[in-house]
Amino acid sequence: FPEEGNEFLSQNGIDTQGLTRVAGKTFQYEAEYPADMQDRKTIRTDLNVFEHFRPAIPDSYKDTPIVFLGNIDPVLQIEVLDQVKGPKHVAADTMNYWIHGHRENLIKMLGRIDTLILNDSEARELTGESNLVAALRAITAMGPSIVIMKKGEHGALLYQDGDFFHVPAFPVEIVKDPTGAGDAFAGGVLGFIARCGKFDRRTWMEAMQHGTAVASFVVEEFGPAPLRQLDHDKIESRIARLRAMVTLP
C-alpha cells in the first residue's frame, strides 16, 4: 500500500492510528460496468490479507459516538462492534459477496446496527423482494431502523419510520469510474451526521444531499484523485444546485 496514501489521510486530519499493515496483497475487487454504468458485474473478489485479518481497535477509538462498519466480512464487522463502547449510532455497508456467501453472519450483524447502506440490487438480493418498497420494509424488520438505498444515476432513497426521502443524483456530464462512489456517499452522509451531532429526520435528509454531492465528484475521475482537490465550498456549491433542482421557485 503506497505511503502517499497514508500521507494524504494524515494531511486531511484523518487519524491513522488504527491502520494495520501486514505482509501480503491488499484486498482486490474487480467489476465490469456496461456503457450506462448501471448493474455492475462482479468478476472477482480476492480477500488476500483480509482473509485472516482481525480488527484491533485502538483504545482512543473505542468511545467514538458514530461507528461506520465498512464493506468487509460481517464477522469482522461484528468484532468491531464488540470492541466499541456504547456508540450513539452504528451504520454499516455490505455487498452481494457477503449477502450470498456469509448470509447468516450478515443477518446477525444487521440485528446490531441502526442504519444499513446498500444499493437497490443488493436490497433485492438480501430480501428476495423484487419491489423496492417491500425490500426496504423487510430490511428494517431485520434490525436497522434506517435504510439508505443507493440507486446510481437515479440518486438515493432514505427510508425511516415508514417515510421516504429521495435525493436525485447530481448530473455530471463525464462519468469515468463509479467505483468508490458509494463509499464516498456513505462517508459524506455520516461525516455530516457526525459534524452535526444530531439524528433527527431533517439532519438525515441534509446528510443525504451532502453525501450525494461528494459522490458526484468521485465518479468524474479514477480512484481518489477528485478528493485531493475537493473543499467545502465546492461541496456546498453542488448541494445548492441539487436543492435548486427539486425546489419550486
# chains A, B, ... in the order shown; residues from 1 in each chain; ligands from 1
>>> select_by_dssp(residues="stretch 42-125 of chain A", states="strand (DSSP E or B)", output="ChimeraX atom specification")
/A:42-46,66-69,89-93,115-119
>>> write_last_selection(atoms="C-alpha atoms", output="PDB file, in the first residue's frame")
ATOM      1  CA  THR A  42     -18.552  -8.708 -10.220  1.00  0.00           C
ATOM      2  CA  ILE A  43     -15.693 -10.560 -11.906  1.00  0.00           C
ATOM      3  CA  ARG A  44     -13.616 -11.472  -8.878  1.00  0.00           C
ATOM      4  CA  THR A  45     -13.199 -10.708  -5.197  1.00  0.00           C
ATOM      5  CA  ASP A  46      -9.781 -11.534  -3.738  1.00  0.00           C
ATOM      6  CA  ILE A  66     -20.701   7.152  15.436  1.00  0.00           C
ATOM      7  CA  VAL A  67     -19.413   3.872  14.036  1.00  0.00           C
ATOM      8  CA  PHE A  68     -19.401   3.024  10.346  1.00  0.00           C
ATOM      9  CA  LEU A  69     -18.791  -0.636   9.564  1.00  0.00           C
ATOM     10  CA  HIS A  89     -25.278   5.323  16.151  1.00  0.00           C
ATOM     11  CA  VAL A  90     -23.969   2.400  14.112  1.00  0.00           C
ATOM     12  CA  ALA A  91     -24.158   2.263  10.314  1.00  0.00           C
ATOM     13  CA  ALA A  92     -22.940  -0.478   8.001  1.00  0.00           C
ATOM     14  CA  ASP A  93     -22.313  -1.188   4.350  1.00  0.00           C
ATOM     15  CA  THR A 115     -28.527   2.167   9.575  1.00  0.00           C
ATOM     16  CA  LEU A 116     -27.796  -0.046   6.577  1.00  0.00           C
ATOM     17  CA  ILE A 117     -26.418   1.449   3.377  1.00  0.00           C
ATOM     18  CA  LEU A 118     -26.661  -0.644   0.204  1.00  0.00           C
ATOM     19  CA  ASN A 119     -27.715  -0.398  -3.429  1.00  0.00           C
TER      20      ASN A 119
END
>>> residues_around(residues="A:Asp163", least_positions_apart="6", cutoff="12 Å", atoms="only C-alpha atoms", output="VMD selection string")
chain A and resid 133 136 to 137 145 to 148 157 201 205
>>> residues_around(residues="A:Pro55", least_positions_apart="2", cutoff="9 Å", atoms="only C-alpha atoms", output="ChimeraX atom specification")
/A:18,20,53,57,76-77,79-80
>>> atom_distance(atom1="atom CA of A:Tyr97", atom2="atom CA of A:Asp73")
9.1 Å
>>> select_by_dssp(residues="stretch 152-214 of chain A", states="alpha helix (DSSP H)", output="count of residues only")
30
>>> closest_residue(among="A:Lys234, A:His102, A:Arg243, A:Lys88", to="A:Ile72", atoms="only C-alpha atoms")
A:His102
>>> atom_distance(atom1="atom CA of A:Leu106", atom2="atom CA of A:Pro74")
5.2 Å
>>> closest_residue(among="A:Gly86, A:Gly152, A:Gly188, A:Gly197", to="A:Ala213", atoms="only C-alpha atoms")
A:Gly188
>>> closest_residue(among="A:Gln38, A:Thr127, A:Asn48, A:Gln11", to="A:Met142", atoms="only C-alpha atoms")
A:Thr127
>>> atom_distance(atom1="atom CA of A:Val84", atom2="atom CA of A:Ile113")
12.7 Å
>>> closest_residue(among="A:Ala123, A:Val214, A:Met37, A:Met149", to="A:His232", atoms="only C-alpha atoms")
A:Val214
>>> residues_around(residues="A:Gly24", least_positions_apart="3", cutoff="12 Å", atoms="only C-alpha atoms", output="MDAnalysis selection string")
chainID A and resid 1 21 27:28 46:53
>>> write_last_selection(atoms="C-alpha atoms", output="tab-separated table (two decimals), in the first residue's frame")
chain	number	residue	atom	x	y	z
A	1	PHE	CA	0.00	0.00	0.00
A	21	ARG	CA	-0.09	-3.19	7.74
A	27	PHE	CA	-7.88	-6.75	-0.89
A	28	GLN	CA	-8.79	-6.59	-4.58
A	46	ASP	CA	-9.78	-11.53	-3.74
A	47	LEU	CA	-9.77	-11.20	0.05
A	48	ASN	CA	-5.96	-11.51	0.28
A	49	VAL	CA	-4.81	-10.05	3.63
A	50	PHE	CA	-8.44	-9.63	4.69
A	51	GLU	CA	-8.86	-13.40	4.75
A	52	HIS	CA	-7.06	-13.71	8.09
A	53	PHE	CA	-7.41	-10.13	9.31
>>> residues_around(residues="A:Arg112", least_positions_apart="2", cutoff="9 Å", atoms="only C-alpha atoms", output="number ranges by chain")
A: 78, 81, 90, 108-110, 114, 143-144
>>> closest_residue(among="A:Thr212, A:Thr26, A:Ser10, A:Asn105", to="A:Val167", atoms="only C-alpha atoms")
A:Thr212
